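Coordinates from work_19.cif are shown below (mmCIF, C-alpha atoms).
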data_start
loop_
_atom_site.label_atom_id
_atom_site.label_comp_id
_atom_site.auth_asym_id
_atom_site.auth_seq_id
_atom_site.Cartn_x
_atom_site.Cartn_y
_atom_site.Cartn_z
CA MET A 1 79.82 84.20 100.69
CA ASN A 2 81.40 83.88 104.13
CA PHE A 3 84.46 86.08 104.57
CA SER A 4 84.93 85.33 108.26
CA PHE A 5 88.40 83.94 107.51
CA LEU A 6 89.49 87.53 106.87
CA LYS A 7 89.03 88.17 110.59
CA ASN A 8 90.98 85.10 111.67
CA ARG A 9 94.24 86.34 113.24
CA LYS A 10 96.05 83.04 112.65
CA ILE A 11 95.22 83.12 108.94
CA ILE A 12 96.34 86.74 108.62
CA ILE A 13 99.65 86.11 110.39
CA GLY A 14 100.17 82.92 108.41
CA LEU A 15 99.66 84.87 105.19
CA TRP A 16 102.24 87.48 106.21
CA LEU A 17 104.81 84.80 107.00
CA VAL A 18 104.13 82.72 103.88
CA VAL A 19 104.26 85.75 101.58
CA ALA A 20 107.55 86.85 103.18
CA LEU A 21 108.99 83.38 102.61
CA VAL A 22 107.76 83.09 99.01
CA ALA A 23 108.92 86.62 98.15
CA ALA A 24 112.40 85.90 99.51
CA ILE A 25 112.69 82.61 97.61
CA LYS A 26 111.50 84.28 94.42
CA GLN A 27 114.06 87.11 94.76
CA PHE A 28 116.81 84.59 95.49
CA VAL A 29 115.95 82.54 92.40
CA ILE A 30 115.97 85.56 90.07
CA GLY A 31 119.10 86.99 91.72
CA LYS A 32 117.63 90.22 93.10
CA TYR A 33 118.94 90.44 96.64
CA ASN A 34 121.57 93.16 96.62
CA ASN A 35 120.42 94.66 99.93
CA TYR A 36 120.83 91.34 101.68
CA LEU A 37 124.38 91.06 100.34
CA ILE A 38 125.15 94.50 101.78
CA PHE A 39 123.64 93.48 105.11
CA LYS A 40 125.48 90.17 105.47
CA HIS A 41 128.83 91.69 104.59
CA VAL A 42 128.48 94.26 107.37
CA PHE A 43 129.09 91.28 109.65
CA PHE A 44 132.03 89.85 107.68
CA HIS A 45 133.66 93.24 107.10
CA THR A 46 133.45 93.99 110.82
CA ILE A 47 135.27 90.76 111.62
CA GLU A 48 137.82 91.41 108.86
CA LYS A 49 138.19 95.07 109.93
CA LYS A 50 137.39 96.31 106.45
CA SER A 51 135.57 99.60 105.90
CA LEU A 52 131.85 99.15 106.53
CA TYR A 53 131.02 102.04 104.20
CA GLY A 54 133.32 101.52 101.26
CA LEU A 55 132.46 100.36 97.76
CA TYR A 56 132.75 96.63 97.03
CA PRO A 57 131.60 96.22 93.40
CA GLU A 58 132.79 92.62 93.37
CA LEU A 59 130.27 91.84 96.13
CA TYR A 60 127.38 94.28 95.67
CA PHE A 61 126.47 97.71 94.35
CA ASP A 62 125.67 100.75 96.52
CA ARG A 63 126.99 101.10 100.08
CA ASN A 64 126.06 100.17 103.61
CA HIS A 65 124.39 102.95 105.59
CA TYR A 66 123.78 101.14 108.88
CA GLY A 67 125.69 101.48 112.12
CA PRO A 68 128.32 99.01 113.40
CA ILE A 69 125.87 97.29 115.79
CA PHE A 70 124.05 95.99 112.72
CA SER A 71 126.96 93.57 112.26
CA LEU A 72 125.75 91.62 115.30
CA PHE A 73 122.06 92.03 114.46
CA ILE A 74 122.50 90.41 111.04
CA ALA A 75 125.06 87.82 112.22
CA PRO A 76 122.65 84.88 112.77
CA PHE A 77 121.51 85.18 109.14
CA ALA A 78 124.87 86.11 107.60
CA VAL A 79 126.60 82.92 108.76
CA LEU A 80 124.02 80.78 106.97
CA PRO A 81 124.01 79.99 103.23
CA ASP A 82 122.15 82.69 101.33
CA SER A 83 119.47 80.20 100.29
CA ILE A 84 118.59 79.80 103.98
CA GLY A 85 119.61 83.12 105.50
CA MET A 86 117.61 85.28 103.11
CA PRO A 87 114.23 83.54 103.59
CA LEU A 88 114.77 83.51 107.34
CA TRP A 89 115.60 87.24 107.28
CA ALA A 90 112.37 87.97 105.39
CA VAL A 91 110.27 85.84 107.73
CA PHE A 92 111.97 87.42 110.76
CA ASN A 93 111.03 90.88 109.45
CA ALA A 94 107.43 89.78 109.05
CA ALA A 95 107.27 88.13 112.47
CA VAL A 96 108.75 91.11 114.34
CA LEU A 97 106.44 93.63 112.65
CA VAL A 98 103.35 91.47 113.15
CA TYR A 99 104.25 91.04 116.81
CA ALA A 100 104.63 94.81 117.26
CA ILE A 101 101.32 95.54 115.54
CA THR A 102 99.51 93.04 117.75
CA LYS A 103 100.85 94.91 120.78
CA ILE A 104 99.17 98.19 119.72
CA PRO A 105 96.48 98.84 122.35
CA VAL A 106 93.38 98.70 120.15
CA ASP A 107 90.75 95.96 119.95
CA ALA A 108 91.44 92.71 118.08
CA GLN A 109 89.54 93.55 114.92
CA LYS A 110 91.32 96.88 114.56
CA VAL A 111 94.65 95.08 114.86
CA ASN A 112 93.53 92.71 112.10
CA LEU A 113 92.52 95.68 109.95
CA ILE A 114 95.93 97.30 110.44
CA LEU A 115 97.58 94.07 109.29
CA TRP A 116 95.42 93.95 106.15
CA ILE A 117 95.94 97.64 105.35
CA CYS A 118 99.73 97.32 105.61
CA PHE A 119 100.03 93.97 103.86
CA HIS A 120 100.89 95.26 100.37
CA GLU A 121 103.27 97.92 101.69
CA PHE A 122 105.06 95.20 103.66
CA LEU A 123 105.41 93.16 100.48
CA THR A 124 107.04 96.16 98.75
CA ALA A 125 109.56 96.41 101.58
CA ILE A 126 110.36 92.71 101.84
CA LEU A 127 110.93 92.26 98.10
CA GLY A 128 113.98 94.47 98.65
CA PHE A 129 115.05 92.58 101.80
CA GLN A 130 114.67 95.84 103.69
CA PHE A 131 115.24 96.44 107.40
CA ASN A 132 112.32 98.88 107.45
CA PRO A 133 109.68 96.41 108.77
CA ILE A 134 111.86 95.82 111.83
CA MET A 135 112.48 99.57 112.14
CA THR A 136 108.71 100.08 112.15
CA ALA A 137 108.38 97.48 114.90
CA ILE A 138 111.11 99.16 116.95
CA ILE A 139 109.27 102.51 116.87
CA ILE A 140 105.94 100.88 117.76
CA LEU A 141 107.46 98.90 120.63
CA SER A 142 109.18 102.04 121.94
CA TYR A 143 105.69 103.49 122.33
CA VAL A 144 104.12 100.31 123.69
CA TYR A 145 106.78 99.70 126.33
CA ILE A 146 106.73 103.30 127.57
CA THR A 147 102.94 103.25 127.96
CA GLU A 148 103.17 99.86 129.67
CA GLU A 149 105.75 101.35 132.08
CA LYS A 150 108.47 99.03 130.78
CA ASP A 151 111.00 101.83 130.50
CA ILE A 152 114.04 99.56 130.32
CA TRP A 153 112.70 97.80 127.22
CA ALA A 154 111.52 101.07 125.67
CA ALA A 155 115.05 102.44 126.08
CA PHE A 156 116.43 99.22 124.59
CA CYS A 157 114.32 99.70 121.44
CA ILE A 158 115.17 103.38 121.05
CA ALA A 159 118.90 102.84 121.54
CA LEU A 160 119.01 99.82 119.23
CA GLY A 161 117.06 101.58 116.47
CA THR A 162 119.24 104.69 116.74
CA PHE A 163 122.53 102.80 116.62
CA ILE A 164 121.34 100.81 113.59
CA LYS A 165 119.67 103.44 111.41
CA LEU A 166 119.19 106.69 113.40
CA TYR A 167 115.42 106.50 112.72
CA GLY A 168 115.05 104.88 116.13
CA VAL A 169 115.71 108.21 117.83
CA VAL A 170 112.12 109.24 117.05
CA GLY A 171 111.08 106.94 119.89
CA LEU A 172 112.10 109.81 122.18
CA ALA A 173 108.89 111.51 121.03
CA PHE A 174 107.11 109.30 123.59
CA PHE A 175 109.37 110.39 126.46
CA PHE A 176 106.67 112.53 128.07
CA PHE A 177 104.43 109.48 128.44
CA SER A 178 106.96 107.82 130.73
CA LYS A 179 105.93 107.73 134.39
CA ASN A 180 109.48 107.09 135.56
CA LYS A 181 111.63 109.46 133.55
CA PRO A 182 114.86 109.09 135.60
CA LYS A 183 114.71 105.30 135.12
CA PHE A 184 114.05 105.77 131.42
CA ILE A 185 116.96 108.20 130.96
CA LEU A 186 119.36 105.98 132.91
CA SER A 187 118.27 102.92 130.90
CA LEU A 188 118.77 104.84 127.66
CA LEU A 189 122.29 105.81 128.64
CA LEU A 190 123.21 102.27 129.67
CA TRP A 191 121.80 100.66 126.51
CA SER A 192 123.55 103.29 124.40
CA LEU A 193 126.87 102.35 125.99
CA VAL A 194 126.16 98.66 125.39
CA PHE A 195 125.27 99.10 121.72
CA PHE A 196 128.14 101.52 121.16
CA GLY A 197 130.73 99.07 122.42
CA LEU A 198 129.24 95.65 121.61
CA PRO A 199 130.60 95.45 118.03
CA MET A 200 134.11 95.77 119.47
CA LEU A 201 133.77 92.17 120.71
CA ILE A 202 134.03 90.87 117.14
CA SER A 203 136.45 93.52 115.91
CA SER A 204 138.53 96.09 117.79
CA PRO A 205 137.84 99.37 119.62
CA GLU A 206 139.96 101.32 117.14
CA PHE A 207 138.14 99.93 114.11
CA ILE A 208 134.67 100.51 115.57
CA LEU A 209 135.45 104.06 116.66
CA ASN A 210 136.71 104.82 113.18
CA SER A 211 133.60 103.16 111.73
CA TYR A 212 131.34 105.55 113.65
CA LYS A 213 133.23 108.49 112.11
CA GLU A 214 132.90 106.94 108.66
CA TRP A 215 129.21 106.32 109.23
CA MET A 216 128.51 109.97 110.01
CA LEU A 217 130.45 111.15 106.98
CA ARG A 218 128.67 108.64 104.74
CA LEU A 219 125.24 109.76 105.95
CA VAL A 220 126.10 113.40 105.19
CA GLU A 221 127.27 112.42 101.71
CA LYS A 222 124.18 110.29 101.19
CA ASN A 223 121.91 113.17 102.16
CA ASN A 224 123.53 115.31 99.45
CA GLU A 225 123.20 112.50 96.91
CA ASN A 226 119.52 112.01 97.75
CA ALA A 227 118.70 115.59 96.78
CA GLY A 228 119.34 114.79 93.11
CA LEU A 229 116.27 115.04 90.90
CA ASP A 230 116.81 111.52 89.55
CA SER A 231 117.36 109.88 92.92
CA MET A 232 115.28 106.83 93.83
CA GLN A 233 115.21 108.26 97.35
CA ASP A 234 114.05 111.59 98.77
CA ILE A 235 110.40 110.52 98.47
CA SER A 236 109.50 113.15 101.01
CA VAL A 237 108.03 116.61 101.46
CA MET A 238 111.37 118.08 100.42
CA GLY A 239 111.68 115.69 97.50
CA MET A 240 108.30 116.66 96.10
CA PHE A 241 109.13 120.36 96.15
CA ARG A 242 112.65 119.84 94.80
CA ARG A 243 111.36 117.80 91.89
CA ILE A 244 108.18 119.71 91.08
CA PHE A 245 110.10 123.00 90.98
CA HIS A 246 113.35 121.47 89.63
CA ALA A 247 115.24 122.98 92.55
CA PRO A 248 117.68 120.41 94.01
CA GLU A 249 119.37 123.20 95.96
CA LEU A 250 116.37 123.63 98.31
CA SER A 251 117.56 123.06 101.86
CA ASN A 252 115.95 120.42 104.08
CA LEU A 253 115.77 123.03 106.85
CA LEU A 254 113.15 124.99 104.89
CA PHE A 255 110.82 122.05 105.51
CA LEU A 256 112.17 120.51 108.71
CA ILE A 257 111.82 123.66 110.83
CA PRO A 258 108.10 124.24 110.10
CA GLY A 259 107.55 120.47 110.13
CA LEU A 260 109.03 120.15 113.63
CA ALA A 261 107.00 123.17 114.77
CA LEU A 262 103.77 121.55 113.60
CA PHE A 263 104.82 118.19 115.02
CA GLY A 264 105.43 119.78 118.43
CA LEU A 265 102.18 121.76 118.73
CA PRO A 266 100.07 118.86 120.10
CA TYR A 267 102.52 118.49 122.99
CA LEU A 268 101.05 121.72 124.38
CA ARG A 269 97.91 119.76 125.29
CA LEU A 270 99.43 118.43 128.51
CA LYS A 271 96.15 117.16 129.96
CA LEU A 272 95.77 114.69 127.09
CA TYR A 273 99.00 112.80 127.78
CA SER A 274 97.01 110.14 129.63
CA ASN A 275 94.39 109.76 126.88
CA GLU A 276 95.01 106.54 124.93
CA LYS A 277 93.51 107.74 121.66
CA PHE A 278 95.50 110.97 121.74
CA ARG A 279 98.70 109.01 122.40
CA LEU A 280 97.95 106.63 119.53
CA LEU A 281 97.43 109.58 117.20
CA LEU A 282 100.89 110.75 118.25
CA LEU A 283 102.28 107.29 117.44
CA ALA A 284 100.72 107.57 113.97
CA SER A 285 102.16 111.07 113.60
CA VAL A 286 105.66 109.89 114.57
CA LEU A 287 105.60 106.96 112.14
CA ILE A 288 104.56 109.19 109.23
CA PHE A 289 106.77 112.15 110.18
CA THR A 290 109.84 109.89 110.28
CA VAL A 291 109.41 109.10 106.59
CA ILE A 292 107.96 112.21 104.97
CA PHE A 293 110.66 114.45 106.45
CA SER A 294 113.60 112.19 105.58
CA SER A 295 115.60 112.70 102.39
CA GLY A 296 116.62 109.04 102.68
CA SER A 297 113.06 107.79 102.23
CA GLU A 298 112.50 105.48 99.29
CA SER A 299 109.51 103.40 98.26
CA PRO A 300 110.21 100.47 100.65
CA THR A 301 110.63 102.90 103.55
CA TYR A 302 106.91 103.64 103.42
CA ILE A 303 106.02 100.56 105.45
CA ILE A 304 106.93 102.79 108.42
CA ALA A 305 104.59 105.59 107.37
CA PHE A 306 101.82 103.29 106.24
CA VAL A 307 101.47 101.62 109.61
CA GLY A 308 100.91 105.18 110.86
CA VAL A 309 98.23 105.68 108.22
CA ALA A 310 96.55 102.42 109.27
CA ILE A 311 96.59 103.36 112.97
CA TRP A 312 95.07 106.75 112.17
CA PHE A 313 92.33 105.14 110.07
CA VAL A 314 91.25 102.54 112.65
CA LEU A 315 91.01 105.28 115.31
CA GLN A 316 88.37 107.19 113.35
CA GLU A 317 84.91 107.48 114.87
CA LYS A 318 81.98 106.04 112.94
CA PRO A 319 80.43 107.11 110.69
CA ILE A 320 83.73 107.77 108.96
CA SER A 321 83.72 111.14 107.21
CA LYS A 322 84.04 111.57 103.46
CA THR A 323 87.31 113.44 103.98
CA THR A 324 88.76 110.51 105.90
CA TRP A 325 87.62 108.00 103.26
CA PHE A 326 89.10 110.13 100.50
CA LEU A 327 92.48 110.44 102.24
CA PHE A 328 92.59 106.74 103.07
CA ILE A 329 91.70 105.56 99.55
CA PHE A 330 94.09 108.13 98.09
CA ALA A 331 96.86 106.68 100.28
CA MET A 332 96.03 103.09 99.34
CA ILE A 333 96.21 103.90 95.63
CA LEU A 334 99.03 106.44 95.39
CA THR A 335 101.24 105.36 98.29
CA SER A 336 100.70 101.63 98.70
CA PHE A 337 99.77 100.40 95.23
CA SER A 338 101.72 102.85 93.04
CA PRO A 339 104.83 100.60 92.81
CA SER A 340 102.65 97.73 91.53
CA ASP A 341 100.95 97.02 88.22
CA ILE A 342 97.62 98.11 89.74
CA VAL A 343 98.65 101.66 88.85
CA PRO A 344 99.36 102.12 85.12
CA ARG A 345 103.08 102.21 84.36
CA PHE A 346 102.64 105.43 82.39
CA LEU A 347 101.39 107.26 85.49
CA ARG A 348 104.05 105.69 87.68
CA GLU A 349 106.97 106.55 85.39
CA THR A 350 105.72 109.93 84.17
CA TYR A 351 104.33 111.50 87.32
CA ILE A 352 104.47 109.46 90.53
CA ARG A 353 108.16 108.53 90.65
CA PRO A 354 109.64 111.67 88.99
CA TYR A 355 107.75 113.96 91.36
CA ALA A 356 107.94 111.77 94.50
CA LEU A 357 104.14 111.74 94.67
CA LYS A 358 104.08 108.56 96.73
CA ALA A 359 104.66 110.90 99.67
CA LEU A 360 101.68 113.17 98.97
CA PRO A 361 98.85 111.18 100.64
CA CYS A 362 100.97 110.59 103.73
CA VAL A 363 101.79 114.30 103.93
CA LEU A 364 98.08 115.17 103.78
CA ILE A 365 97.16 112.52 106.36
CA TRP A 366 99.94 113.69 108.67
CA GLY A 367 98.54 117.22 108.45
CA ARG A 368 95.11 115.81 109.25
CA ILE A 369 96.49 113.98 112.29
CA ILE A 370 98.06 117.18 113.63
CA TYR A 371 94.70 118.91 113.16
CA GLU A 372 92.87 116.10 114.96
CA MET A 373 95.29 116.20 117.89
CA LEU A 374 94.96 119.98 118.22
CA PHE A 375 91.16 119.80 118.26
CA PHE A 376 90.78 116.59 120.22
CA ASN A 377 87.88 116.67 122.70
CA SER A 378 89.00 114.63 125.69
CA ASN A 379 85.50 114.52 127.18
CA GLN A 380 83.93 112.94 124.11
CA ASN A 381 87.12 111.14 123.01
CA LYS A 382 86.68 112.47 119.48
CA ILE A 383 87.73 115.30 117.21
CA GLU A 384 85.96 118.62 117.35
CA ILE A 385 84.99 119.68 113.83
#
Using structure tokens, write down the structure that the file contains.
Amino acid sequence: MNFSFLKNRKIIIGLWLVVALVAAIKQFVIGKYNNYLIFKHVFFHTIEKKSLYGLYPELYFDRNHYGPIFSLFIAPFAVLPDSIGMPLWAVFNAAVLVYAITKIPVDAQKVNLILWICFHEFLTAILGFQFNPIMTAIIILSYVYITEEKDIWAAFCIALGTFIKLYGVVGLAFFFFSKNKPKFILSLLLWSLVFFGLPMLISSPEFILNSYKEWMLRLVEKNNENAGLDSMQDISVMGMFRRIFHAPELSNLLFLIPGLALFGLPYLRLKLYSNEKFRLLLLASVLIFTVIFSSGSESPTYIIAFVGVAIWFVLQEKPISKTTWFLFIFAMILTSFSPSDIVPRFLRETYIRPYALKALPCVLIWGRIIYEMLFFNSNQNKIEI
């Protein structure tokens, strides 16, 4: 049987777009699109000068947790009827993420493999009309544009991502790869001013300034809510420990401080900053770190981490070691497929969700990436074992 179609980029991209469209239509028909309702009303509430972070049970459940600039980002979709805006939003998410993945500097077949590896995780995200696929793209493009010496566009991505969801700030991890740091810093400041003030054009300075204060307070409150043992979020390193040991009082700092220390160790290898493979391993590390050390991580957030897993996997030298195969298959099963019927519901409801085990493979792979970066042999372009 000829499986050459699996290597056809146009077919792969077409599948991503079609699945995004079909998933959105299906969710619209069955009435499961609460996140989209939150998103679209960020735009309308900004215009109406209503709190962006209040409760509106007559419109949707839960609250908005995105910054004021999101009102303009979602505007082109919000002004359309839901039956049109929602499918377009889903397809836009797919298109932006696919574009970013195709910009990763690896050969064509490795790009195709990344798209296949992340396909199911993308479906999980888009069924909830999540912003996370675009957030993933923003982080990737921050890396790509810095390494391509397009500092203005790298700064654009970092500032936009930060002012929408804060996650975008991790793009600063690639700062040391910039060859024109003053230009990058100046661009970052200018874009930050633009995104800070732009929502005022459809509202008022007073309302937007107050909204930023509300946003910070809401994020602090949300972080405390996430620590609950029954939360659907906190699928993270901290979440696993809190739930396994029934200790919701465990502070994030107990994990963030050693996590940041480990994350920063590879930066000591200054001579490797120009090595493409080393830099790509850092990109994978950033994508995974962003999720596994965030108390706000939920199942659909893992599209961010899983692109990191896919990048790490395609960078492995052949023959691929048994350890690598084990970690990769473990991640496919426990991280990517655990929300689906492929994994028995009993395991999902009894162990995986209650103990935030979806995070476990990504935590192990992130540790492996740090190890590989610390023992990277620049002469042979491989890991020293």
Exercise. Mind telling me what the PyMOL selection byres ((chain A and resi 314) around 9) catches here, as a ChimeraX atom specification?
Worked result: /A:106,110-111,113-114,309-313,315-317
Would you list the residues near (103.9, 104.8, 107.1) (no more than 9 Å away, in the coordinates of the file, using only C-alpha atoms) as a PDB file with C-alpha atoms, keeping the file's coordinate frame?
ATOM      1  CA  CYS A 118      99.730  97.320 105.610  1.00  0.00           C
ATOM      2  CA  GLU A 121     103.270  97.920 101.690  1.00  0.00           C
ATOM      3  CA  THR A 136     108.710 100.080 112.150  1.00  0.00           C
ATOM      4  CA  ALA A 284     100.720 107.570 113.970  1.00  0.00           C
ATOM      5  CA  LEU A 287     105.600 106.960 112.140  1.00  0.00           C
ATOM      6  CA  ILE A 288     104.560 109.190 109.230  1.00  0.00           C
ATOM      7  CA  PHE A 289     106.770 112.150 110.180  1.00  0.00           C
ATOM      8  CA  THR A 290     109.840 109.890 110.280  1.00  0.00           C
ATOM      9  CA  VAL A 291     109.410 109.100 106.590  1.00  0.00           C
ATOM     10  CA  ILE A 292     107.960 112.210 104.970  1.00  0.00           C
ATOM     11  CA  THR A 301     110.630 102.900 103.550  1.00  0.00           C
ATOM     12  CA  TYR A 302     106.910 103.640 103.420  1.00  0.00           C
ATOM     13  CA  ILE A 303     106.020 100.560 105.450  1.00  0.00           C
ATOM     14  CA  ILE A 304     106.930 102.790 108.420  1.00  0.00           C
ATOM     15  CA  ALA A 305     104.590 105.590 107.370  1.00  0.00           C
ATOM     16  CA  PHE A 306     101.820 103.290 106.240  1.00  0.00           C
ATOM     17  CA  VAL A 307     101.470 101.620 109.610  1.00  0.00           C
ATOM     18  CA  GLY A 308     100.910 105.180 110.860  1.00  0.00           C
ATOM     19  CA  VAL A 309      98.230 105.680 108.220  1.00  0.00           C
ATOM     20  CA  ALA A 310      96.550 102.420 109.270  1.00  0.00           C
ATOM     21  CA  CYS A 362     100.970 110.590 103.730  1.00  0.00           C
TER      22      CYS A 362
END
Restricting to only C-alpha atoms, whichever of A:Ala95, A:Leu189, A:Leu123, A:Ile140 is closest to Phe337 of chain A is A:Leu123
Who sits within 12 Å of Pro354 of chain A, all atoms listed in the file, same chain under 5 positions skipped, as an mmCIF file with C-alpha atoms, in the coordinates of the input:
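Okay, this is what ended up in result34.cif:
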data_model
loop_
_atom_site.group_PDB
_atom_site.id
_atom_site.type_symbol
_atom_site.label_atom_id
_atom_site.label_comp_id
_atom_site.auth_asym_id
_atom_site.auth_seq_id
_atom_site.Cartn_x
_atom_site.Cartn_y
_atom_site.Cartn_z
ATOM 1 C CA GLY A 228 119.340 114.790 93.110
ATOM 2 C CA LEU A 229 116.270 115.040 90.900
ATOM 3 C CA ASP A 230 116.810 111.520 89.550
ATOM 4 C CA SER A 231 117.360 109.880 92.920
ATOM 5 C CA MET A 232 115.280 106.830 93.830
ATOM 6 C CA GLN A 233 115.210 108.260 97.350
ATOM 7 C CA ASP A 234 114.050 111.590 98.770
ATOM 8 C CA ILE A 235 110.400 110.520 98.470
ATOM 9 C CA GLY A 239 111.680 115.690 97.500
ATOM 10 C CA MET A 240 108.300 116.660 96.100
ATOM 11 C CA PHE A 241 109.130 120.360 96.150
ATOM 12 C CA ARG A 242 112.650 119.840 94.800
ATOM 13 C CA ARG A 243 111.360 117.800 91.890
ATOM 14 C CA ILE A 244 108.180 119.710 91.080
ATOM 15 C CA PHE A 245 110.100 123.000 90.980
ATOM 16 C CA HIS A 246 113.350 121.470 89.630
ATOM 17 C CA PHE A 346 102.640 105.430 82.390
ATOM 18 C CA LEU A 347 101.390 107.260 85.490
ATOM 19 C CA ARG A 348 104.050 105.690 87.680
ATOM 20 C CA GLU A 349 106.970 106.550 85.390
ATOM 21 C CA ALA A 359 104.660 110.900 99.670
#
Residue with the minimum atom-to-atom distance to Gly171 of chain A, picked from A:Glu249, A:Asp62, A:Asp151, A:Glu276 with only C-alpha atoms counted, is A:Asp151
